[in-house]
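Here is the file input04.cif (mmCIF, N, CA and C atoms).
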```
data_data
loop_
_atom_site.label_atom_id
_atom_site.label_comp_id
_atom_site.auth_asym_id
_atom_site.auth_seq_id
_atom_site.Cartn_x
_atom_site.Cartn_y
_atom_site.Cartn_z
N GLN A 60 0.84 -1.19 0.00
CA GLN A 60 0.00 0.00 0.00
C GLN A 60 0.88 1.25 0.00
N VAL A 61 0.52 2.19 -0.85
CA VAL A 61 1.26 3.44 -0.97
C VAL A 61 0.33 4.60 -0.67
N GLN A 62 0.75 5.46 0.21
CA GLN A 62 -0.02 6.68 0.49
C GLN A 62 0.72 7.87 -0.11
N LEU A 63 -0.06 8.72 -0.78
CA LEU A 63 0.50 9.89 -1.45
C LEU A 63 -0.17 11.15 -0.90
N VAL A 64 0.63 12.13 -0.56
CA VAL A 64 0.11 13.38 -0.02
C VAL A 64 0.70 14.55 -0.79
N GLU A 65 -0.19 15.27 -1.47
CA GLU A 65 0.24 16.44 -2.25
C GLU A 65 0.24 17.70 -1.39
N SER A 66 1.08 18.63 -1.78
CA SER A 66 1.11 19.94 -1.13
C SER A 66 1.67 20.97 -2.11
N GLY A 67 1.50 22.24 -1.77
CA GLY A 67 2.09 23.30 -2.58
C GLY A 67 1.12 24.05 -3.46
N GLY A 68 -0.14 23.61 -3.48
CA GLY A 68 -1.11 24.32 -4.30
C GLY A 68 -1.45 25.68 -3.69
N GLY A 69 -2.20 26.48 -4.44
CA GLY A 69 -2.61 27.79 -3.95
C GLY A 69 -3.10 28.68 -5.05
N LEU A 70 -3.21 29.95 -4.72
CA LEU A 70 -3.67 30.97 -5.67
C LEU A 70 -2.47 31.76 -6.17
N VAL A 71 -2.38 31.93 -7.48
CA VAL A 71 -1.26 32.65 -8.07
C VAL A 71 -1.76 33.43 -9.28
N GLN A 72 -1.10 34.53 -9.58
CA GLN A 72 -1.48 35.32 -10.75
C GLN A 72 -0.90 34.69 -12.02
N ALA A 73 -1.54 34.96 -13.12
CA ALA A 73 -1.04 34.47 -14.40
C ALA A 73 0.40 34.93 -14.61
N GLY A 74 1.22 34.02 -15.10
CA GLY A 74 2.64 34.29 -15.28
C GLY A 74 3.49 33.89 -14.10
N GLY A 75 2.85 33.57 -13.00
CA GLY A 75 3.56 33.19 -11.79
C GLY A 75 3.97 31.73 -11.78
N SER A 76 4.53 31.31 -10.65
CA SER A 76 5.05 29.95 -10.50
C SER A 76 4.56 29.32 -9.21
N LEU A 77 4.48 28.01 -9.24
CA LEU A 77 4.21 27.20 -8.06
C LEU A 77 5.01 25.92 -8.16
N ARG A 78 5.31 25.34 -7.01
CA ARG A 78 5.97 24.05 -6.99
C ARG A 78 5.14 23.10 -6.14
N LEU A 79 4.63 22.08 -6.78
CA LEU A 79 3.86 21.06 -6.08
C LEU A 79 4.80 19.95 -5.61
N SER A 80 4.48 19.38 -4.46
CA SER A 80 5.22 18.25 -3.93
C SER A 80 4.27 17.11 -3.65
N CYS A 81 4.79 15.90 -3.75
CA CYS A 81 4.01 14.71 -3.44
C CYS A 81 4.90 13.78 -2.63
N ALA A 82 4.53 13.58 -1.38
CA ALA A 82 5.29 12.71 -0.49
C ALA A 82 4.66 11.32 -0.50
N ALA A 83 5.49 10.31 -0.72
CA ALA A 83 5.01 8.93 -0.79
C ALA A 83 5.47 8.15 0.43
N SER A 84 4.59 7.25 0.87
CA SER A 84 4.90 6.46 2.06
C SER A 84 5.57 5.13 1.72
N ALA A 85 5.70 4.82 0.46
CA ALA A 85 6.18 3.50 0.04
C ALA A 85 7.58 3.22 0.55
N ARG A 86 7.79 1.97 0.99
CA ARG A 86 9.13 1.55 1.40
C ARG A 86 10.04 1.47 0.19
N THR A 87 9.47 1.03 -0.92
CA THR A 87 10.25 0.84 -2.14
C THR A 87 9.81 1.84 -3.19
N PHE A 88 9.99 3.09 -2.85
CA PHE A 88 9.57 4.18 -3.75
C PHE A 88 10.22 4.05 -5.11
N SER A 89 11.40 3.49 -5.17
CA SER A 89 12.16 3.44 -6.41
C SER A 89 11.57 2.51 -7.46
N VAL A 90 10.61 1.68 -7.11
CA VAL A 90 10.02 0.79 -8.11
C VAL A 90 8.80 1.41 -8.78
N TYR A 91 8.41 2.59 -8.31
CA TYR A 91 7.21 3.22 -8.84
C TYR A 91 7.53 4.36 -9.78
N GLY A 92 6.93 4.29 -10.96
CA GLY A 92 6.90 5.47 -11.79
C GLY A 92 5.84 6.40 -11.21
N MET A 93 6.03 7.69 -11.38
CA MET A 93 5.13 8.66 -10.78
C MET A 93 4.55 9.57 -11.85
N GLY A 94 3.35 10.06 -11.55
CA GLY A 94 2.71 10.95 -12.51
C GLY A 94 1.94 12.06 -11.82
N TRP A 95 1.74 13.12 -12.56
CA TRP A 95 0.86 14.20 -12.13
C TRP A 95 -0.29 14.29 -13.13
N PHE A 96 -1.47 14.45 -12.61
CA PHE A 96 -2.68 14.62 -13.40
C PHE A 96 -3.44 15.82 -12.85
N ARG A 97 -4.41 16.29 -13.60
CA ARG A 97 -5.23 17.40 -13.10
C ARG A 97 -6.66 17.27 -13.61
N ARG A 98 -7.56 17.87 -12.83
CA ARG A 98 -8.96 17.92 -13.23
C ARG A 98 -9.45 19.35 -13.08
N ALA A 99 -9.77 19.95 -14.20
CA ALA A 99 -10.32 21.31 -14.21
C ALA A 99 -11.83 21.24 -14.00
N PRO A 100 -12.44 22.31 -13.53
CA PRO A 100 -13.89 22.31 -13.31
C PRO A 100 -14.65 21.92 -14.57
N GLY A 101 -15.52 20.95 -14.44
CA GLY A 101 -16.34 20.52 -15.56
C GLY A 101 -15.64 19.67 -16.59
N LYS A 102 -14.40 19.27 -16.30
CA LYS A 102 -13.65 18.47 -17.27
C LYS A 102 -13.18 17.16 -16.64
N GLU A 103 -12.75 16.24 -17.50
CA GLU A 103 -12.23 14.98 -16.99
C GLU A 103 -10.77 15.13 -16.56
N ARG A 104 -10.35 14.18 -15.76
CA ARG A 104 -8.97 14.18 -15.31
C ARG A 104 -8.05 13.97 -16.52
N GLU A 105 -6.97 14.75 -16.58
CA GLU A 105 -6.07 14.64 -17.71
C GLU A 105 -4.63 14.49 -17.24
N PHE A 106 -3.84 13.87 -18.09
CA PHE A 106 -2.42 13.66 -17.81
C PHE A 106 -1.65 14.97 -17.92
N VAL A 107 -0.69 15.16 -17.00
CA VAL A 107 0.17 16.34 -17.03
C VAL A 107 1.62 15.96 -17.29
N ALA A 108 2.16 15.06 -16.46
CA ALA A 108 3.56 14.69 -16.61
C ALA A 108 3.82 13.38 -15.88
N SER A 109 4.88 12.68 -16.31
CA SER A 109 5.26 11.44 -15.65
C SER A 109 6.77 11.31 -15.63
N ILE A 110 7.25 10.53 -14.67
CA ILE A 110 8.69 10.34 -14.52
C ILE A 110 8.95 8.88 -14.19
N SER A 111 10.07 8.37 -14.72
CA SER A 111 10.40 6.97 -14.51
C SER A 111 10.96 6.74 -13.10
N GLN A 112 11.19 5.50 -12.79
CA GLN A 112 11.62 5.13 -11.44
C GLN A 112 12.93 5.80 -11.05
N SER A 113 13.87 5.85 -11.97
CA SER A 113 15.17 6.45 -11.65
C SER A 113 15.18 7.96 -11.87
N GLY A 114 14.17 8.46 -12.56
CA GLY A 114 14.15 9.88 -12.90
C GLY A 114 14.82 10.20 -14.22
N ALA A 115 15.34 9.17 -14.89
CA ALA A 115 16.08 9.41 -16.13
C ALA A 115 15.17 9.75 -17.30
N ASP A 116 13.94 9.30 -17.25
CA ASP A 116 13.01 9.53 -18.35
C ASP A 116 11.81 10.32 -17.83
N THR A 117 11.44 11.34 -18.57
CA THR A 117 10.26 12.13 -18.22
C THR A 117 9.43 12.38 -19.47
N TYR A 118 8.17 12.66 -19.25
CA TYR A 118 7.26 12.93 -20.36
C TYR A 118 6.24 13.94 -19.88
N HIS A 119 6.04 15.00 -20.68
CA HIS A 119 5.09 16.05 -20.34
C HIS A 119 4.05 16.19 -21.44
N SER A 120 2.85 16.51 -21.06
CA SER A 120 1.81 16.73 -22.05
C SER A 120 2.13 17.98 -22.87
N ASP A 121 1.59 18.04 -24.05
CA ASP A 121 1.85 19.19 -24.92
C ASP A 121 1.38 20.50 -24.29
N SER A 122 0.33 20.44 -23.50
CA SER A 122 -0.23 21.66 -22.92
C SER A 122 0.67 22.29 -21.86
N VAL A 123 1.61 21.52 -21.32
CA VAL A 123 2.48 22.05 -20.26
C VAL A 123 3.96 22.01 -20.65
N LYS A 124 4.27 21.39 -21.76
CA LYS A 124 5.66 21.23 -22.16
C LYS A 124 6.33 22.60 -22.27
N GLY A 125 7.52 22.69 -21.69
CA GLY A 125 8.26 23.95 -21.70
C GLY A 125 7.92 24.87 -20.54
N ARG A 126 6.84 24.57 -19.82
CA ARG A 126 6.43 25.40 -18.68
C ARG A 126 6.50 24.63 -17.37
N PHE A 127 6.15 23.35 -17.40
CA PHE A 127 6.15 22.51 -16.21
C PHE A 127 7.31 21.51 -16.30
N THR A 128 7.82 21.14 -15.12
CA THR A 128 8.89 20.14 -15.08
C THR A 128 8.65 19.20 -13.90
N ILE A 129 8.63 17.91 -14.21
CA ILE A 129 8.49 16.90 -13.17
C ILE A 129 9.87 16.42 -12.77
N SER A 130 10.04 16.15 -11.46
CA SER A 130 11.31 15.63 -10.96
C SER A 130 11.03 14.80 -9.71
N ARG A 131 12.05 14.08 -9.25
CA ARG A 131 11.90 13.28 -8.04
C ARG A 131 13.24 13.23 -7.33
N ASP A 132 13.17 12.96 -6.02
CA ASP A 132 14.40 12.82 -5.27
C ASP A 132 14.46 11.39 -4.70
N ASN A 133 15.47 11.12 -3.92
CA ASN A 133 15.61 9.78 -3.34
C ASN A 133 15.05 9.71 -1.92
N LYS A 134 14.19 10.68 -1.63
CA LYS A 134 13.57 10.71 -0.31
C LYS A 134 12.06 10.58 -0.42
N ASN A 135 11.62 9.84 -1.43
CA ASN A 135 10.20 9.53 -1.57
C ASN A 135 9.33 10.73 -1.91
N THR A 136 9.88 11.67 -2.66
CA THR A 136 9.10 12.84 -3.04
C THR A 136 9.22 13.11 -4.53
N VAL A 137 8.11 13.45 -5.13
CA VAL A 137 8.10 13.85 -6.53
C VAL A 137 7.57 15.28 -6.59
N TYR A 138 8.09 16.05 -7.53
CA TYR A 138 7.76 17.47 -7.63
C TYR A 138 7.19 17.81 -9.00
N LEU A 139 6.45 18.90 -9.02
CA LEU A 139 6.02 19.48 -10.29
C LEU A 139 6.27 20.98 -10.21
N GLN A 140 7.30 21.43 -10.90
CA GLN A 140 7.60 22.85 -10.97
C GLN A 140 6.77 23.45 -12.09
N MET A 141 5.94 24.43 -11.76
CA MET A 141 5.03 25.03 -12.73
C MET A 141 5.38 26.50 -12.90
N ASN A 142 5.82 26.85 -14.09
CA ASN A 142 6.17 28.24 -14.41
C ASN A 142 5.23 28.78 -15.48
N SER A 143 5.22 30.08 -15.63
CA SER A 143 4.40 30.74 -16.64
C SER A 143 2.97 30.24 -16.60
N LEU A 144 2.41 30.22 -15.43
CA LEU A 144 1.07 29.67 -15.24
C LEU A 144 0.01 30.51 -15.97
N LYS A 145 -0.99 29.80 -16.45
CA LYS A 145 -2.09 30.42 -17.19
C LYS A 145 -3.41 30.12 -16.46
N PRO A 146 -4.42 30.94 -16.67
CA PRO A 146 -5.72 30.66 -16.04
C PRO A 146 -6.25 29.26 -16.38
N GLU A 147 -5.95 28.77 -17.57
CA GLU A 147 -6.43 27.44 -17.95
C GLU A 147 -5.70 26.31 -17.22
N ASP A 148 -4.67 26.63 -16.46
CA ASP A 148 -4.01 25.63 -15.62
C ASP A 148 -4.76 25.42 -14.30
N THR A 149 -5.77 26.23 -14.06
CA THR A 149 -6.56 26.07 -12.83
C THR A 149 -7.21 24.70 -12.79
N ALA A 150 -6.95 23.97 -11.70
CA ALA A 150 -7.44 22.60 -11.58
C ALA A 150 -7.03 22.05 -10.21
N VAL A 151 -7.59 20.91 -9.90
CA VAL A 151 -7.07 20.11 -8.79
C VAL A 151 -5.99 19.20 -9.37
N TYR A 152 -4.82 19.23 -8.76
CA TYR A 152 -3.69 18.43 -9.24
C TYR A 152 -3.50 17.21 -8.36
N TYR A 153 -3.37 16.07 -9.02
CA TYR A 153 -3.24 14.80 -8.34
C TYR A 153 -1.90 14.15 -8.65
N CYS A 154 -1.34 13.54 -7.62
CA CYS A 154 -0.14 12.74 -7.76
C CYS A 154 -0.57 11.27 -7.83
N ALA A 155 0.14 10.48 -8.63
CA ALA A 155 -0.19 9.06 -8.76
C ALA A 155 1.07 8.22 -8.90
N ALA A 156 0.96 6.97 -8.45
CA ALA A 156 2.09 6.04 -8.52
C ALA A 156 1.70 4.80 -9.31
N GLN A 157 2.64 4.34 -10.10
CA GLN A 157 2.40 3.18 -10.94
C GLN A 157 3.58 2.22 -10.81
N TYR A 158 3.27 0.97 -10.46
CA TYR A 158 4.34 -0.03 -10.40
C TYR A 158 4.77 -0.36 -11.82
N ARG A 159 6.06 -0.23 -12.08
CA ARG A 159 6.56 -0.48 -13.44
C ARG A 159 7.73 -1.45 -13.41
N TYR A 160 7.81 -2.23 -14.48
CA TYR A 160 8.90 -3.20 -14.59
C TYR A 160 10.11 -2.63 -15.30
N ARG A 161 9.87 -1.62 -16.13
CA ARG A 161 10.96 -1.02 -16.88
C ARG A 161 11.09 0.45 -16.53
N ASP A 162 12.32 0.93 -16.55
CA ASP A 162 12.62 2.29 -16.14
C ASP A 162 12.44 3.26 -17.31
N TYR A 163 11.19 3.46 -17.70
CA TYR A 163 10.90 4.42 -18.75
C TYR A 163 9.45 4.86 -18.60
N VAL A 164 9.09 5.90 -19.35
CA VAL A 164 7.74 6.44 -19.29
C VAL A 164 7.07 6.21 -20.63
N SER A 165 5.95 5.50 -20.61
CA SER A 165 5.20 5.29 -21.83
C SER A 165 4.66 6.62 -22.36
N ARG A 166 4.70 6.80 -23.66
CA ARG A 166 4.15 8.01 -24.27
C ARG A 166 2.64 7.88 -24.49
N VAL A 167 2.09 6.76 -24.09
CA VAL A 167 0.65 6.55 -24.09
C VAL A 167 0.24 6.38 -22.63
N GLN A 168 -0.25 7.43 -22.04
CA GLN A 168 -0.59 7.41 -20.62
C GLN A 168 -2.05 7.02 -20.42
N VAL A 169 -2.27 6.03 -19.56
CA VAL A 169 -3.61 5.55 -19.27
C VAL A 169 -3.85 5.75 -17.78
N ILE A 170 -4.83 6.57 -17.47
CA ILE A 170 -5.10 6.92 -16.08
C ILE A 170 -5.35 5.67 -15.24
N ASP A 171 -6.10 4.74 -15.75
CA ASP A 171 -6.48 3.55 -14.98
C ASP A 171 -5.30 2.63 -14.68
N GLU A 172 -4.18 2.85 -15.32
CA GLU A 172 -3.01 2.00 -15.07
C GLU A 172 -2.20 2.45 -13.87
N TYR A 173 -2.58 3.58 -13.29
CA TYR A 173 -1.91 4.02 -12.07
C TYR A 173 -2.57 3.34 -10.87
N ASP A 174 -1.73 2.92 -9.93
CA ASP A 174 -2.20 2.08 -8.85
C ASP A 174 -2.65 2.86 -7.61
N TYR A 175 -2.01 3.98 -7.36
CA TYR A 175 -2.31 4.73 -6.15
C TYR A 175 -2.43 6.21 -6.48
N TRP A 176 -3.31 6.88 -5.73
CA TRP A 176 -3.60 8.30 -5.97
C TRP A 176 -3.62 9.08 -4.68
N GLY A 177 -3.18 10.34 -4.78
CA GLY A 177 -3.33 11.25 -3.66
C GLY A 177 -4.69 11.90 -3.67
N GLN A 178 -4.93 12.76 -2.69
CA GLN A 178 -6.23 13.42 -2.56
C GLN A 178 -6.33 14.68 -3.41
N GLY A 179 -5.22 15.19 -3.87
CA GLY A 179 -5.24 16.35 -4.74
C GLY A 179 -4.95 17.64 -4.00
N THR A 180 -4.47 18.61 -4.76
CA THR A 180 -4.21 19.95 -4.23
C THR A 180 -4.70 20.97 -5.26
N GLN A 181 -5.40 21.99 -4.79
CA GLN A 181 -6.00 22.97 -5.68
C GLN A 181 -4.99 24.01 -6.14
N VAL A 182 -4.98 24.24 -7.44
CA VAL A 182 -4.19 25.32 -8.03
C VAL A 182 -5.14 26.25 -8.76
N THR A 183 -5.10 27.52 -8.39
CA THR A 183 -5.95 28.51 -9.02
C THR A 183 -5.07 29.63 -9.58
N VAL A 184 -5.24 29.89 -10.86
CA VAL A 184 -4.47 30.93 -11.53
C VAL A 184 -5.42 32.04 -11.95
N SER A 185 -5.18 33.23 -11.41
CA SER A 185 -6.06 34.36 -11.72
C SER A 185 -5.49 35.15 -12.90
N SER A 186 -6.39 35.74 -13.66
CA SER A 186 -5.96 36.49 -14.86
C SER A 186 -5.70 37.95 -14.53
#
```
How does this structure look as structure tokens?
Amino acid sequence: QVQLVESGGGLVQAGGSLRLSCAASARTFSVYGMGWFRRAPGKEREFVASISQSGADTYHSDSVKGRFTISRDNKNTVYLQMNSLKPEDTAVYYCAAQYRYRDYVSRVQVIDEYDYWGQGTQVTVSS
């Protein structure tokens, strides 16, 4: 069982930055690929970014590429650095963990393939 706790959300003006954190309780954090997803009001949950077990491979959605960066450390935490925020980035952001056999990130992300989810953290970007 893996517990994930997100933090770092808040209210920010357009063009600003936020850094989200996700702390994992897993003993063997290194076997899990990690992902960030978001759900905007009235929309379905969508993929934002993912990182492989070692951190060597990352993949970002086109909507955030060049603005957001996913990373992880060896202390059971994954991060999402969000720069140049736009009002359309407003959403609840979720951290997720996926047990993977290979140290890479699939370019076809399937939400249901993630095994564990956090409760989410709200990000609001004002115009």
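Pairwise distance (atom N of Asn142 (chain A), CA of Val71 (chain A)) equals 11.0 Å.
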Legend entry - Residues matched by the PyMOL selection byres (((chain A and resi 97-103 and name CA) around 9) and name CA), written as an MDAnalysis selection string: chainID A and resid 95:96 104:107 147:154 179
Legend entry - Pick from A:Ala156, A:Gln181, A:Ile129, A:Gly92 nearest to Ser66 (chain A), counting only N, CA and C atoms: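 Of the candidates, the smallest distance to Ser66 (chain A) is held by A:Gln181.
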Inset, instruction - Just give me the residues with any atom within 7 Å of (0.6, 5.1, 0.0), file coordinates, counting all atoms listed in the file, written as JSON, numbers by chain. - result: {"A": [60, 61, 62, 63, 83, 84, 85, 175]}
Inset, instruction - Can you check which residues of chain A DSSP gives as helix (DSSP H, G or I) on the backbone and send them as an MDAnalysis selection string? - result: chainID A and resid 88:90 146:148 170:172
Quick one: DSSP strand (DSSP E) residues in region 67-179 of chain A, as a short mmCIF file (atom, residue, chain, number, x, y, z; two decimals) with N, CA and C atoms, keeping the file's coordinate frame?
```
data_model
loop_
_atom_site.label_atom_id
_atom_site.label_comp_id
_atom_site.auth_asym_id
_atom_site.auth_seq_id
_atom_site.Cartn_x
_atom_site.Cartn_y
_atom_site.Cartn_z
N GLY A 69 -2.20 26.48 -4.44
CA GLY A 69 -2.61 27.79 -3.95
C GLY A 69 -3.10 28.68 -5.05
N LEU A 70 -3.21 29.95 -4.72
CA LEU A 70 -3.67 30.97 -5.67
C LEU A 70 -2.47 31.76 -6.17
N VAL A 71 -2.38 31.93 -7.48
CA VAL A 71 -1.26 32.65 -8.07
C VAL A 71 -1.76 33.43 -9.28
N GLN A 72 -1.10 34.53 -9.58
CA GLN A 72 -1.48 35.32 -10.75
C GLN A 72 -0.90 34.69 -12.02
N LEU A 77 4.48 28.01 -9.24
CA LEU A 77 4.21 27.20 -8.06
C LEU A 77 5.01 25.92 -8.16
N ARG A 78 5.31 25.34 -7.01
CA ARG A 78 5.97 24.05 -6.99
C ARG A 78 5.14 23.10 -6.14
N LEU A 79 4.63 22.08 -6.78
CA LEU A 79 3.86 21.06 -6.08
C LEU A 79 4.80 19.95 -5.61
N SER A 80 4.48 19.38 -4.46
CA SER A 80 5.22 18.25 -3.93
C SER A 80 4.27 17.11 -3.65
N CYS A 81 4.79 15.90 -3.75
CA CYS A 81 4.01 14.71 -3.44
C CYS A 81 4.90 13.78 -2.63
N ALA A 82 4.53 13.58 -1.38
CA ALA A 82 5.29 12.71 -0.49
C ALA A 82 4.66 11.32 -0.50
N ALA A 83 5.49 10.31 -0.72
CA ALA A 83 5.01 8.93 -0.79
C ALA A 83 5.47 8.15 0.43
N TYR A 91 8.41 2.59 -8.31
CA TYR A 91 7.21 3.22 -8.84
C TYR A 91 7.53 4.36 -9.78
N GLY A 92 6.93 4.29 -10.96
CA GLY A 92 6.90 5.47 -11.79
C GLY A 92 5.84 6.40 -11.21
N MET A 93 6.03 7.69 -11.38
CA MET A 93 5.13 8.66 -10.78
C MET A 93 4.55 9.57 -11.85
N GLY A 94 3.35 10.06 -11.55
CA GLY A 94 2.71 10.95 -12.51
C GLY A 94 1.94 12.06 -11.82
N TRP A 95 1.74 13.12 -12.56
CA TRP A 95 0.86 14.20 -12.13
C TRP A 95 -0.29 14.29 -13.13
N PHE A 96 -1.47 14.45 -12.61
CA PHE A 96 -2.68 14.62 -13.40
C PHE A 96 -3.44 15.82 -12.85
N ARG A 97 -4.41 16.29 -13.60
CA ARG A 97 -5.23 17.40 -13.10
C ARG A 97 -6.66 17.27 -13.61
N ARG A 98 -7.56 17.87 -12.83
CA ARG A 98 -8.96 17.92 -13.23
C ARG A 98 -9.45 19.35 -13.08
N GLU A 105 -6.97 14.75 -16.58
CA GLU A 105 -6.07 14.64 -17.71
C GLU A 105 -4.63 14.49 -17.24
N PHE A 106 -3.84 13.87 -18.09
CA PHE A 106 -2.42 13.66 -17.81
C PHE A 106 -1.65 14.97 -17.92
N VAL A 107 -0.69 15.16 -17.00
CA VAL A 107 0.17 16.34 -17.03
C VAL A 107 1.62 15.96 -17.29
N ALA A 108 2.16 15.06 -16.46
CA ALA A 108 3.56 14.69 -16.61
C ALA A 108 3.82 13.38 -15.88
N SER A 109 4.88 12.68 -16.31
CA SER A 109 5.26 11.44 -15.65
C SER A 109 6.77 11.31 -15.63
N ILE A 110 7.25 10.53 -14.67
CA ILE A 110 8.69 10.34 -14.52
C ILE A 110 8.95 8.88 -14.19
N THR A 117 11.44 11.34 -18.57
CA THR A 117 10.26 12.13 -18.22
C THR A 117 9.43 12.38 -19.47
N TYR A 118 8.17 12.66 -19.25
CA TYR A 118 7.26 12.93 -20.36
C TYR A 118 6.24 13.94 -19.88
N HIS A 119 6.04 15.00 -20.68
CA HIS A 119 5.09 16.05 -20.34
C HIS A 119 4.05 16.19 -21.44
N PHE A 127 6.15 23.35 -17.40
CA PHE A 127 6.15 22.51 -16.21
C PHE A 127 7.31 21.51 -16.30
N THR A 128 7.82 21.14 -15.12
CA THR A 128 8.89 20.14 -15.08
C THR A 128 8.65 19.20 -13.90
N ILE A 129 8.63 17.91 -14.21
CA ILE A 129 8.49 16.90 -13.17
C ILE A 129 9.87 16.42 -12.77
N SER A 130 10.04 16.15 -11.46
CA SER A 130 11.31 15.63 -10.96
C SER A 130 11.03 14.80 -9.71
N ARG A 131 12.05 14.08 -9.25
CA ARG A 131 11.90 13.28 -8.04
C ARG A 131 13.24 13.23 -7.33
N THR A 136 9.88 11.67 -2.66
CA THR A 136 9.10 12.84 -3.04
C THR A 136 9.22 13.11 -4.53
N VAL A 137 8.11 13.45 -5.13
CA VAL A 137 8.10 13.85 -6.53
C VAL A 137 7.57 15.28 -6.59
N TYR A 138 8.09 16.05 -7.53
CA TYR A 138 7.76 17.47 -7.63
C TYR A 138 7.19 17.81 -9.00
N LEU A 139 6.45 18.90 -9.02
CA LEU A 139 6.02 19.48 -10.29
C LEU A 139 6.27 20.98 -10.21
N GLN A 140 7.30 21.43 -10.90
CA GLN A 140 7.60 22.85 -10.97
C GLN A 140 6.77 23.45 -12.09
N MET A 141 5.94 24.43 -11.76
CA MET A 141 5.03 25.03 -12.73
C MET A 141 5.38 26.50 -12.90
N ALA A 150 -6.95 23.97 -11.70
CA ALA A 150 -7.44 22.60 -11.58
C ALA A 150 -7.03 22.05 -10.21
N VAL A 151 -7.59 20.91 -9.90
CA VAL A 151 -7.07 20.11 -8.79
C VAL A 151 -5.99 19.20 -9.37
N TYR A 152 -4.82 19.23 -8.76
CA TYR A 152 -3.69 18.43 -9.24
C TYR A 152 -3.50 17.21 -8.36
N TYR A 153 -3.37 16.07 -9.02
CA TYR A 153 -3.24 14.80 -8.34
C TYR A 153 -1.90 14.15 -8.65
N CYS A 154 -1.34 13.54 -7.62
CA CYS A 154 -0.14 12.74 -7.76
C CYS A 154 -0.57 11.27 -7.83
N ALA A 155 0.14 10.48 -8.63
CA ALA A 155 -0.19 9.06 -8.76
C ALA A 155 1.07 8.22 -8.90
N ALA A 156 0.96 6.97 -8.45
CA ALA A 156 2.09 6.04 -8.52
C ALA A 156 1.70 4.80 -9.31
N GLN A 157 2.64 4.34 -10.10
CA GLN A 157 2.40 3.18 -10.94
C GLN A 157 3.58 2.22 -10.81
N TYR A 158 3.27 0.97 -10.46
CA TYR A 158 4.34 -0.03 -10.40
C TYR A 158 4.77 -0.36 -11.82
N TYR A 175 -2.01 3.98 -7.36
CA TYR A 175 -2.31 4.73 -6.15
C TYR A 175 -2.43 6.21 -6.48
N TRP A 176 -3.31 6.88 -5.73
CA TRP A 176 -3.60 8.30 -5.97
C TRP A 176 -3.62 9.08 -4.68
#
```
Legend entry - Selection: 7 Å around Gly68 (chain A), all atoms listed in the file, excl. self and same-chain fewer than 6 positions, as number ranges by chain: A: 78-80, 180-183
Inset, instruction - May I have the residues within 8 Å of Tyr158 (chain A) as a list in words, using only N, CA and C atoms and disregarding those fewer than 6 positions away in the same chain? - result: Val90, Tyr91, Gly92, Met93, Glu172, Tyr173, Asp174 and Tyr175 of chain A
Shell around Asp121 (chain A) at 12 Å using only C-alpha atoms, local window under 2 positions removed, as a PDB file with N, CA and C atoms, in the frame of the given file:
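What follows is the written file result31.pdb:
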```pdb
ATOM      1  N   GLU A 105      -6.970  14.750 -16.580  1.00  0.00           N
ATOM      2  CA  GLU A 105      -6.070  14.640 -17.710  1.00  0.00           C
ATOM      3  C   GLU A 105      -4.630  14.490 -17.240  1.00  0.00           C
ATOM      4  N   PHE A 106      -3.840  13.870 -18.090  1.00  0.00           N
ATOM      5  CA  PHE A 106      -2.420  13.660 -17.810  1.00  0.00           C
ATOM      6  C   PHE A 106      -1.650  14.970 -17.920  1.00  0.00           C
ATOM      7  N   VAL A 107      -0.690  15.160 -17.000  1.00  0.00           N
ATOM      8  CA  VAL A 107       0.170  16.340 -17.030  1.00  0.00           C
ATOM      9  C   VAL A 107       1.620  15.960 -17.290  1.00  0.00           C
ATOM     10  N   ALA A 108       2.160  15.060 -16.460  1.00  0.00           N
ATOM     11  CA  ALA A 108       3.560  14.690 -16.610  1.00  0.00           C
ATOM     12  C   ALA A 108       3.820  13.380 -15.880  1.00  0.00           C
ATOM     13  N   TYR A 118       8.170  12.660 -19.250  1.00  0.00           N
ATOM     14  CA  TYR A 118       7.260  12.930 -20.360  1.00  0.00           C
ATOM     15  C   TYR A 118       6.240  13.940 -19.880  1.00  0.00           C
ATOM     16  N   HIS A 119       6.040  15.000 -20.680  1.00  0.00           N
ATOM     17  CA  HIS A 119       5.090  16.050 -20.340  1.00  0.00           C
ATOM     18  C   HIS A 119       4.050  16.190 -21.440  1.00  0.00           C
ATOM     19  N   VAL A 123       1.610  21.520 -21.320  1.00  0.00           N
ATOM     20  CA  VAL A 123       2.480  22.050 -20.260  1.00  0.00           C
ATOM     21  C   VAL A 123       3.960  22.010 -20.650  1.00  0.00           C
ATOM     22  N   LYS A 124       4.270  21.390 -21.760  1.00  0.00           N
ATOM     23  CA  LYS A 124       5.660  21.230 -22.160  1.00  0.00           C
ATOM     24  C   LYS A 124       6.330  22.600 -22.270  1.00  0.00           C
ATOM     25  N   GLY A 125       7.520  22.690 -21.690  1.00  0.00           N
ATOM     26  CA  GLY A 125       8.260  23.950 -21.700  1.00  0.00           C
ATOM     27  C   GLY A 125       7.920  24.870 -20.540  1.00  0.00           C
ATOM     28  N   ARG A 126       6.840  24.570 -19.820  1.00  0.00           N
ATOM     29  CA  ARG A 126       6.430  25.400 -18.680  1.00  0.00           C
ATOM     30  C   ARG A 126       6.500  24.630 -17.370  1.00  0.00           C
ATOM     31  N   PHE A 127       6.150  23.350 -17.400  1.00  0.00           N
ATOM     32  CA  PHE A 127       6.150  22.510 -16.210  1.00  0.00           C
ATOM     33  C   PHE A 127       7.310  21.510 -16.300  1.00  0.00           C
ATOM     34  N   ARG A 166       4.700   6.800 -23.660  1.00  0.00           N
ATOM     35  CA  ARG A 166       4.150   8.010 -24.270  1.00  0.00           C
ATOM     36  C   ARG A 166       2.640   7.880 -24.490  1.00  0.00           C
TER      37      ARG A 166
END
```
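A straight line drawn from atom N of Lys145 (chain A) to atom C of Gln178 (chain A) is 20.7 Å long.
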Inset, instruction - To one decimal in Å, tell me the separation between CA of Asp162 (chain A) and CA of Lys134 (chain A). - result: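 Between CA of Asp162 (chain A) and CA of Lys134 (chain A) the gap is 18.0 Å.
Residues with any atom within 8 Å of Asp132 (chain A), counting all atoms listed in the file and excluding same-chain neighbours fewer than 6 positions away, are Ser113, Gly114 and Tyr138 of chain A.
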